[in-house]
file run_24.txt (compact mmCIF, C-alpha atoms)
# COMPACT_ATOMS: atom_id res chain seq x y z
CA MET A 218 9.26 -1.54 2.19
CA ARG A 219 5.90 -0.59 3.69
CA VAL A 220 2.70 0.74 2.09
CA LEU A 221 0.29 3.17 3.77
CA LEU A 222 -3.00 3.63 1.91
CA ILE A 223 -5.25 6.56 2.84
CA PHE A 224 -8.63 5.90 1.28
CA ILE A 225 -10.82 9.01 0.85
CA ASP A 226 -14.40 8.13 -0.05
CA GLY A 227 -16.07 10.08 -2.85
CA LEU A 228 -13.16 12.25 -4.03
CA GLY A 229 -13.01 12.81 -7.78
CA LEU A 230 -11.21 15.08 -10.19
CA GLY A 231 -13.79 17.74 -10.99
CA SER A 232 -14.12 21.07 -12.73
CA SER A 233 -12.09 24.20 -12.07
CA TYR A 234 -15.19 26.20 -11.05
CA ALA A 235 -15.09 27.35 -7.44
CA ASP A 236 -18.88 27.63 -7.34
CA ILE A 237 -19.25 23.83 -7.40
CA ASN A 238 -15.83 22.42 -6.47
CA PRO A 239 -14.75 22.93 -2.84
CA LEU A 240 -11.25 21.72 -3.69
CA VAL A 241 -10.94 24.84 -5.85
CA ARG A 242 -12.88 27.23 -3.61
CA PHE A 243 -11.01 26.38 -0.40
CA GLY A 244 -7.80 24.91 -1.77
CA LEU A 245 -5.83 21.87 -0.67
CA PRO A 246 -2.30 23.26 -0.26
CA ALA A 247 -0.71 19.96 0.78
CA ILE A 248 -1.54 18.61 -2.69
CA THR A 249 -1.43 21.84 -4.72
CA GLU A 250 2.13 22.57 -3.60
CA LEU A 251 3.24 19.12 -4.74
CA PHE A 252 1.75 19.31 -8.21
CA GLY A 253 1.58 23.04 -8.91
CA GLN A 254 -2.17 23.32 -9.45
CA PRO A 255 -5.49 22.40 -7.79
CA LEU A 256 -6.72 18.82 -7.82
CA THR A 257 -9.10 18.99 -10.81
CA GLN A 258 -9.72 17.11 -14.05
CA TYR A 259 -7.34 19.52 -15.78
CA ILE A 260 -4.32 18.60 -13.69
CA HIS A 261 -1.63 16.80 -15.67
CA SER A 262 -0.35 13.37 -14.74
CA VAL A 263 2.92 13.48 -12.83
CA LEU A 264 5.40 10.60 -12.75
CA THR A 265 8.63 11.22 -10.88
CA PRO A 266 10.54 8.71 -8.74
CA GLN A 267 8.93 9.76 -5.43
CA CYS A 268 5.94 11.92 -6.40
CA CYS A 269 3.18 10.74 -8.72
CA LEU A 270 -0.37 11.72 -9.64
CA LEU A 271 -2.67 9.78 -11.95
CA GLY A 272 -6.35 10.02 -12.82
CA LEU A 273 -8.03 6.60 -12.60
CA ASP A 274 -11.20 5.39 -14.26
CA ALA A 275 -13.80 4.54 -11.62
CA THR A 276 -16.57 3.49 -14.03
CA LEU A 277 -14.83 0.16 -14.76
CA GLY A 278 -16.57 -0.17 -18.13
CA VAL A 279 -19.98 -0.60 -16.49
CA PRO A 280 -22.90 1.79 -17.25
CA GLY A 281 -24.17 4.02 -14.47
CA LEU A 282 -22.62 6.04 -11.69
CA PRO A 283 -19.78 4.35 -9.78
CA GLN A 284 -20.69 3.31 -6.24
CA SER A 285 -18.92 2.58 -2.97
CA ALA A 286 -19.43 -1.16 -2.50
CA THR A 287 -18.11 -2.24 -5.89
CA GLY A 288 -15.55 0.56 -6.11
CA GLN A 289 -13.98 -0.28 -2.77
CA ALA A 290 -14.18 -4.03 -3.47
CA THR A 291 -12.31 -3.47 -6.73
CA ILE A 292 -9.59 -1.43 -5.03
CA LEU A 293 -9.17 -4.10 -2.35
CA THR A 294 -9.15 -7.15 -4.62
CA GLY A 295 -7.96 -6.05 -8.06
CA ILE A 296 -11.11 -7.69 -9.46
CA ASN A 297 -13.55 -5.64 -11.53
CA THR A 298 -16.40 -6.41 -9.16
CA ALA A 299 -18.82 -4.06 -10.93
CA LYS A 300 -18.41 -6.15 -14.07
CA VAL A 301 -18.68 -9.41 -12.10
CA MET A 302 -21.89 -8.22 -10.44
CA GLY A 303 -23.22 -6.70 -13.65
CA ARG A 304 -23.78 -3.29 -12.06
CA HIS A 305 -22.41 -0.76 -9.61
CA ILE A 306 -23.53 -1.58 -6.06
CA GLN A 307 -24.18 1.16 -3.53
CA ALA A 308 -22.85 1.55 -0.02
CA PHE A 309 -22.48 -1.89 1.56
CA PRO A 310 -21.68 -5.26 -0.05
CA GLY A 311 -24.34 -7.96 -0.23
CA PRO A 312 -23.62 -11.69 0.22
CA GLN A 313 -21.99 -12.34 -3.17
CA LEU A 314 -19.78 -9.27 -3.07
CA THR A 315 -18.93 -9.98 0.58
CA GLN A 316 -17.69 -13.42 -0.43
CA ILE A 317 -15.44 -11.96 -3.13
CA ILE A 318 -13.96 -9.40 -0.74
CA SER A 319 -13.46 -11.89 2.07
CA LYS A 320 -11.69 -14.37 -0.18
CA HIS A 321 -9.58 -12.16 -2.45
CA ASN A 322 -8.77 -8.94 -0.57
CA ILE A 323 -5.21 -7.66 -0.31
CA MET A 324 -4.99 -7.96 3.48
CA LYS A 325 -5.85 -11.64 3.47
CA ARG A 326 -3.44 -12.30 0.60
CA LEU A 327 -0.62 -10.55 2.42
CA PHE A 328 -1.30 -12.55 5.60
CA ALA A 329 -1.23 -15.75 3.55
CA ALA A 330 2.19 -14.73 2.23
CA GLY A 331 3.57 -14.20 5.71
CA LEU A 332 3.35 -10.41 5.65
CA THR A 333 1.37 -8.14 7.96
CA ALA A 334 -1.57 -5.85 7.27
CA THR A 335 -3.93 -3.77 9.37
CA SER A 336 -6.76 -1.28 9.34
CA ALA A 337 -5.85 1.75 11.45
CA ASN A 338 -9.48 2.77 11.95
CA MET A 339 -11.13 2.81 15.36
CA TYR A 340 -14.55 1.19 15.75
CA THR A 341 -16.98 2.05 18.56
CA PRO A 342 -17.24 -0.51 21.40
CA ASN A 343 -20.83 -1.41 20.44
CA TYR A 344 -20.05 -1.79 16.73
CA PHE A 345 -20.71 -5.54 16.57
CA GLU A 346 -23.88 -5.17 18.63
CA LEU A 347 -25.16 -2.62 16.13
CA VAL A 348 -24.30 -4.96 13.26
CA ALA A 349 -26.13 -7.83 14.98
CA ALA A 350 -29.14 -5.54 15.46
CA ARG A 351 -28.96 -4.58 11.76
CA LYS A 352 -28.31 -0.95 12.61
CA ARG A 353 -24.86 -1.09 11.00
CA ARG A 354 -23.45 -3.03 8.07
CA HIS A 355 -19.88 -4.00 7.33
CA ALA A 356 -18.30 -1.83 4.64
CA ALA A 357 -15.79 -3.32 2.20
CA ILE A 358 -12.68 -2.25 4.10
CA THR A 359 -14.10 -3.61 7.35
CA LEU A 360 -14.78 -6.95 5.65
CA ALA A 361 -11.19 -7.05 4.45
CA ALA A 362 -9.89 -6.37 7.95
CA LEU A 363 -12.16 -9.02 9.47
CA SER A 364 -10.98 -11.62 6.93
CA THR A 365 -7.57 -11.72 8.61
CA ALA A 366 -9.12 -12.70 11.97
CA ALA A 367 -7.39 -9.72 13.60
CA ALA A 368 -9.41 -7.72 16.11
CA LEU A 369 -10.71 -4.33 15.04
CA ARG A 370 -9.25 -1.37 16.90
CA SER A 371 -11.50 0.31 19.46
CA LEU A 372 -11.39 2.70 22.44
CA PRO A 373 -8.31 1.32 24.20
CA GLU A 374 -6.31 1.67 21.00
CA VAL A 375 -7.48 5.20 20.22
CA CYS A 376 -6.67 6.27 23.79
CA ALA A 377 -3.19 4.81 23.40
CA GLY A 378 -2.63 6.50 20.03
CA GLN A 379 -2.87 3.14 18.27
CA ALA A 380 -6.02 3.86 16.23
CA VAL A 381 -7.46 6.77 14.26
CA TYR A 382 -11.18 7.52 14.28
CA GLN A 383 -12.84 8.00 10.92
CA ASP A 384 -13.18 11.78 11.37
CA ILE A 385 -9.41 12.02 12.12
CA THR A 386 -9.76 14.39 15.12
CA ASN A 387 -12.22 12.47 17.41
CA GLU A 388 -14.61 15.44 17.38
CA MET A 389 -17.54 13.27 16.27
CA LEU A 390 -17.15 10.67 19.04
CA PRO A 391 -19.63 12.40 21.42
CA GLU A 392 -22.27 11.91 18.70
CA MET A 393 -21.62 8.18 19.14
CA GLY A 394 -22.17 8.48 22.90
CA ILE A 395 -18.43 8.45 23.65
CA ASP A 396 -17.21 11.30 25.83
CA ASN A 397 -13.93 12.14 27.56
CA ILE A 398 -11.76 11.25 24.56
CA ALA A 399 -9.20 13.92 23.72
CA VAL A 400 -9.74 15.87 20.54
CA LEU A 401 -6.65 15.66 18.35
CA THR A 402 -5.21 17.99 15.80
CA PRO A 403 -4.91 16.46 12.33
CA THR A 404 -1.14 16.50 12.81
CA GLN A 405 -1.41 14.45 16.00
CA ALA A 406 -3.67 11.96 14.22
CA ALA A 407 -1.17 11.78 11.35
CA ASN A 408 1.61 10.94 13.80
CA ASN A 409 -0.55 8.16 15.28
CA LEU A 410 -1.24 6.75 11.83
CA LEU A 411 2.45 6.76 10.93
CA ASN A 412 3.34 5.04 14.19
CA ILE A 413 0.83 2.30 13.40
CA SER A 414 2.12 1.90 9.85
CA ARG A 415 5.69 1.34 11.04
CA LYS A 416 4.64 -2.03 12.47
CA TYR A 417 3.00 -3.46 9.33
CA SER A 418 3.77 -4.21 5.69
CA PHE A 419 0.43 -2.67 4.68
CA THR A 420 -1.79 -0.21 6.55
CA ILE A 421 -5.09 1.24 5.39
CA PHE A 422 -7.04 4.17 6.83
CA GLU A 423 -10.56 4.98 5.65
CA TYR A 424 -12.01 8.51 5.65
CA PHE A 425 -15.59 8.96 4.44
CA GLN A 426 -16.71 12.42 5.56
CA THR A 427 -16.01 13.65 2.01
CA ASP A 428 -18.75 11.41 0.63
CA ARG A 429 -21.22 12.35 3.35
CA VAL A 430 -20.65 16.07 2.89
CA GLY A 431 -20.88 15.75 -0.89
CA HIS A 432 -24.28 14.07 -0.68
CA LYS A 433 -25.53 16.77 1.69
CA GLN A 434 -24.01 19.62 -0.39
CA ASP A 435 -22.91 21.22 2.88
CA TRP A 436 -20.39 23.94 2.06
CA ALA A 437 -19.60 24.80 5.68
CA LYS A 438 -18.71 21.20 6.48
CA ALA A 439 -16.85 20.91 3.18
CA GLN A 440 -14.53 23.73 4.25
CA ARG A 441 -13.91 21.97 7.57
CA VAL A 442 -13.26 18.63 5.83
CA ILE A 443 -10.69 20.20 3.52
CA ARG A 444 -8.90 21.95 6.39
CA VAL A 445 -8.62 18.69 8.32
CA LEU A 446 -7.56 16.65 5.29
CA ASP A 447 -4.99 19.22 4.21
CA GLU A 448 -3.22 19.28 7.57
CA PHE A 449 -3.52 15.49 7.96
CA ILE A 450 -2.13 14.62 4.51
CA GLY A 451 0.58 17.25 4.78
CA ALA A 452 1.74 15.93 8.15
CA VAL A 453 1.78 12.31 6.95
CA HIS A 454 3.79 13.26 3.88
CA HIS A 455 6.33 15.43 5.71
CA ARG A 456 6.95 12.73 8.34
CA LEU A 457 6.82 9.76 5.96
CA PRO A 458 9.61 7.23 6.70
CA ALA A 459 12.05 6.62 3.87
CA ASP A 460 10.96 2.98 3.55
CA THR A 461 7.25 3.79 3.19
CA LEU A 462 5.08 4.41 0.12
CA LEU A 463 2.05 6.62 0.75
CA LEU A 464 -0.92 6.05 -1.56
CA ILE A 465 -4.04 8.24 -1.57
CA THR A 466 -7.04 7.29 -3.68
CA SER A 467 -10.83 7.04 -3.84
CA ASP A 468 -13.64 4.85 -5.12
CA HIS A 469 -15.72 7.40 -7.08
CA GLY A 470 -16.37 11.09 -7.47
CA ASN A 471 -18.83 13.13 -5.37
CA PHE A 472 -17.25 15.76 -3.12
CA GLU A 473 -15.66 17.58 -6.07
CA ASP A 474 -19.09 18.54 -7.49
CA MET A 475 -21.36 20.17 -4.92
CA GLY A 476 -23.76 21.06 -7.69
CA VAL A 477 -25.31 17.58 -7.45
CA ARG A 478 -26.15 15.22 -4.60
CA THR A 479 -25.12 12.11 -6.49
CA HIS A 480 -21.82 10.49 -7.33
CA THR A 481 -20.10 11.54 -10.56
CA LEU A 482 -18.46 9.93 -13.56
CA ASN A 483 -15.22 11.80 -12.91
CA GLN A 484 -11.90 10.06 -12.64
CA VAL A 485 -10.48 9.65 -9.14
CA PRO A 486 -6.95 10.62 -8.14
CA LEU A 487 -4.20 8.18 -7.31
CA ILE A 488 -1.41 9.98 -5.47
CA ALA A 489 1.81 8.13 -4.71
CA LEU A 490 4.49 9.67 -2.53
CA GLY A 491 7.74 8.28 -1.20
CA CYS A 492 9.45 4.93 -1.56
CA ARG A 493 9.34 3.54 -5.14
CA ALA A 494 6.31 5.67 -6.04
CA GLN A 495 6.80 5.82 -9.80
CA GLU A 496 7.91 2.21 -10.06
CA THR A 497 4.76 1.10 -8.23
CA VAL A 498 1.97 3.10 -9.86
CA SER A 499 3.12 4.08 -13.35
CA LYS A 500 1.09 1.38 -15.14
CA ILE A 501 -2.18 1.74 -13.20
CA THR A 502 -5.12 3.02 -15.27
CA ASP A 503 -8.18 2.12 -13.20
CA LEU A 504 -9.18 0.83 -9.78
CA THR A 505 -8.31 -2.78 -10.66
CA GLY A 506 -4.61 -1.95 -10.78
CA ILE A 507 -4.09 -0.84 -7.19
CA THR A 508 -3.95 -4.17 -5.35
CA PRO A 509 -1.71 -5.90 -7.94
CA ALA A 510 0.67 -2.93 -7.83
CA ILE A 511 0.90 -3.04 -4.03
CA LEU A 512 1.48 -6.79 -4.02
CA ALA A 513 4.24 -6.42 -6.58
CA ALA A 514 5.80 -3.54 -4.65
CA LEU A 515 5.91 -5.65 -1.52
CA GLY A 516 7.81 -8.30 -3.40
CA LYS A 517 5.05 -10.86 -3.72
CA ASP A 518 4.64 -11.02 -7.49
CA GLU A 519 3.77 -14.72 -7.32
CA LEU A 520 0.48 -13.81 -5.62
CA MET A 521 -0.70 -12.02 -8.76
call {"tool": "encode", "arguments": {"input": "run_24.txt", "output": "structure tokens"}}
result
Amino acid sequence: MRVLLIFIDGLGLGSSYADINPLVRFGLPAITELFGQPLTQYIHSVLTPQCCLLGLDATLGVPGLPQSATGQATILTGINTAKVMGRHIQAFPGPQLTQIISKHNIMKRLFAAGLTATSANMYTPNYFELVAARKRRHAAITLAALSTAAALRSLPEVCAGQAVYQDITNEMLPEMGIDNIAVLTPTQAANNLLNISRKYSFTIFEYFQTDRVGHKQDWAKAQRVIRVLDEFIGAVHHRLPADTLLLITSDHGNFEDMGVRTHTLNQVPLIALGCRAQETVSKITDLTGITPAILAALGKDELM
């Protein structure tokens, strides 16, 4: 069995009002067709052998709006890091949270058990230079990938179809000073992601344009984001190998409520499609349950 996790930053289950929720205004057919209604807080939980949808608590019992650093750290480790830190932490992990992620994340634990794990994301060639110059900071998923001592994917991999840029299509690469890279359709990017996932026990891909667009309340970009995500998710699902479980989840709400610039208290979706979906996710109630469920699904219950 293999697990492919598509992490979508800032995607919650919001209201059914099209004037504030782009998921309702523009639709997300790849998901709506699976579950029979738009992805909102009113959608019912679905638990069937190969197609599941759950709403997960992202607040983790800690006052305040959920944030990326602790939300992602919790997903990756199974530890309620917001409770450990005493608060929700924004954006990028500090030293203490970095230590928790580096020591306890799912990728490192799988490597220790003799299994394989990878981040499918492409990083720009000057990424580490920017980090050293304090113009970039490692996000939680990057820290998890680095903890395995594996090299991050960069331009050679994306050119060979062995990496996926964070915008899915490569259209934003010229903004990073990188030209002459082919623009992909979301379907082509989905095929590349699936080809990567076939080589690993666990693969993660991080998409964060949803969170950026939500903060900016940019409806035009929101429509573009949904079009890309819909084709991408649909293509991954339709081409999913029989031995692979596809998980789609988020760290907090934001994009689903364009009436505010902040994150939200809304639940986040956990979508499970394919191999042993119901068996894997049926008991998950919040972000702490994702890593233990994946470890158990991959047959490494002793790691829990």
call {"tool": "residues_around", "arguments": {"input": "run_24.txt", "residues": "Thr265 in chain A", "least_positions_apart": "5", "cutoff": "10 Å", "atoms": "all atoms listed in the file", "output": "list in words"}}
result
Leu270, Ala489, Leu490, Arg493, Ala494, Gln495, Glu496 and Ser499 of chain A
call {"tool": "residues_around", "arguments": {"input": "run_24.txt", "residues": "Ile317 in chain A", "least_positions_apart": "5", "cutoff": "12 Å", "atoms": "all atoms listed in the file", "output": "CSV table (one decimal) with C-alpha atoms, keeping the file's coordinate frame"}}
result
chain,number,residue,atom,x,y,z
A,286,ALA,CA,-19.4,-1.2,-2.5
A,287,THR,CA,-18.1,-2.2,-5.9
A,289,GLN,CA,-14.0,-0.3,-2.8
A,290,ALA,CA,-14.2,-4.0,-3.5
A,291,THR,CA,-12.3,-3.5,-6.7
A,293,LEU,CA,-9.2,-4.1,-2.4
A,294,THR,CA,-9.2,-7.2,-4.6
A,295,GLY,CA,-8.0,-6.0,-8.1
A,296,ILE,CA,-11.1,-7.7,-9.5
A,297,ASN,CA,-13.6,-5.6,-11.5
A,298,THR,CA,-16.4,-6.4,-9.2
A,299,ALA,CA,-18.8,-4.1,-10.9
A,301,VAL,CA,-18.7,-9.4,-12.1
A,302,MET,CA,-21.9,-8.2,-10.4
A,310,PRO,CA,-21.7,-5.3,0.0
A,311,GLY,CA,-24.3,-8.0,-0.2
A,312,PRO,CA,-23.6,-11.7,0.2
A,322,ASN,CA,-8.8,-8.9,-0.6
A,323,ILE,CA,-5.2,-7.7,-0.3
A,325,LYS,CA,-5.8,-11.6,3.5
A,357,ALA,CA,-15.8,-3.3,2.2
A,360,LEU,CA,-14.8,-7.0,5.6
A,361,ALA,CA,-11.2,-7.0,4.4
A,364,SER,CA,-11.0,-11.6,6.9
call {"tool": "atom_distance", "arguments": {"input": "run_24.txt", "atom1": "CA of Ile223 in chain A", "atom2": "CA of Thr466 in chain A"}}
result
6.8 Å
call {"tool": "residues_around", "arguments": {"input": "run_24.txt", "residues": "range 428-445 of chain A", "least_positions_apart": "5", "cutoff": "7 Å", "atoms": "only C-alpha atoms", "output": "number ranges by chain"}}
result
A: 226-227, 239, 243, 245, 403, 471-472, 475, 478-479
call {"tool": "atom_distance", "arguments": {"input": "run_24.txt", "atom1": "CA of Ala329 in chain A", "atom2": "CA of Leu462 in chain A"}}
result
21.4 Å
call {"tool": "atom_distance", "arguments": {"input": "run_24.txt", "atom1": "CA of Val263 in chain A", "atom2": "CA of Gln426 in chain A"}}
result
26.9 Å
call {"tool": "residues_around", "arguments": {"input": "run_24.txt", "residues": "range 405-418 of chain A", "least_positions_apart": "5", "cutoff": "7 Å", "atoms": "only C-alpha atoms", "output": "PyMOL selection string"}}
result
chain A and resi 219-221+332-335+337+378-379+381+385-386+449+452-453
call {"tool": "residues_around", "arguments": {"input": "run_24.txt", "residues": "Ile260 in chain A", "least_positions_apart": "5", "cutoff": "10 Å", "atoms": "all atoms listed in the file", "output": "list of chain:residue names"}}
result
A:Leu230, A:Gly231, A:Ser233, A:Thr249, A:Phe252, A:Gly253, A:Gln254, A:Pro255, A:Leu270, A:Leu271, A:Gly272
call {"tool": "closest_residue", "arguments": {"input": "run_24.txt", "among": "A:His469, A:Glu392, A:Thr420, A:Lys500", "to": "Ile306 in chain A", "atoms": "only C-alpha atoms"}}
result
A:His469
call {"tool": "closest_residue", "arguments": {"input": "run_24.txt", "among": "A:Ile292, A:Met218, A:Val375, A:Ile488", "to": "Pro509 in chain A", "atoms": "only C-alpha atoms"}}
result
A:Ile292
call {"tool": "closest_residue", "arguments": {"input": "run_24.txt", "among": "A:Thr427, A:Pro266, A:Tyr259, A:Leu363", "to": "Glu473 in chain A", "atoms": "only C-alpha atoms"}}
result
A:Thr427
call {"tool": "build_atoms", "arguments": {"input": "run_24.txt", "residues": "range 438-450 of chain A", "atoms": "N, CA and C atoms", "output": "compact mmCIF listing (two decimals), in the coordinates of the input"}}
result
# COMPACT_ATOMS: atom_id res chain seq x y z
N LYS A 438 -19.42 22.42 6.08
CA LYS A 438 -18.71 21.20 6.48
C LYS A 438 -17.62 20.85 5.46
N ALA A 439 -17.86 21.17 4.20
CA ALA A 439 -16.85 20.91 3.18
C ALA A 439 -15.57 21.68 3.48
N GLN A 440 -15.71 22.92 3.91
CA GLN A 440 -14.53 23.73 4.25
C GLN A 440 -13.79 23.11 5.43
N ARG A 441 -14.53 22.62 6.41
CA ARG A 441 -13.91 21.97 7.57
C ARG A 441 -13.20 20.68 7.15
N VAL A 442 -13.85 19.89 6.31
CA VAL A 442 -13.26 18.63 5.83
C VAL A 442 -11.93 18.90 5.13
N ILE A 443 -11.91 19.90 4.27
CA ILE A 443 -10.69 20.20 3.52
C ILE A 443 -9.58 20.68 4.45
N ARG A 444 -9.92 21.48 5.44
CA ARG A 444 -8.90 21.95 6.39
C ARG A 444 -8.27 20.77 7.14
N VAL A 445 -9.12 19.85 7.59
CA VAL A 445 -8.62 18.69 8.32
C VAL A 445 -7.77 17.81 7.41
N LEU A 446 -8.29 17.51 6.22
CA LEU A 446 -7.56 16.65 5.29
C LEU A 446 -6.22 17.27 4.88
N ASP A 447 -6.22 18.56 4.64
CA ASP A 447 -4.99 19.22 4.21
C ASP A 447 -3.90 19.10 5.26
N GLU A 448 -4.23 19.39 6.51
CA GLU A 448 -3.22 19.28 7.57
C GLU A 448 -2.81 17.83 7.78
N PHE A 449 -3.78 16.91 7.73
CA PHE A 449 -3.52 15.49 7.96
C PHE A 449 -2.59 14.92 6.88
N ILE A 450 -2.94 15.14 5.62
CA ILE A 450 -2.13 14.62 4.51
C ILE A 450 -0.74 15.26 4.52
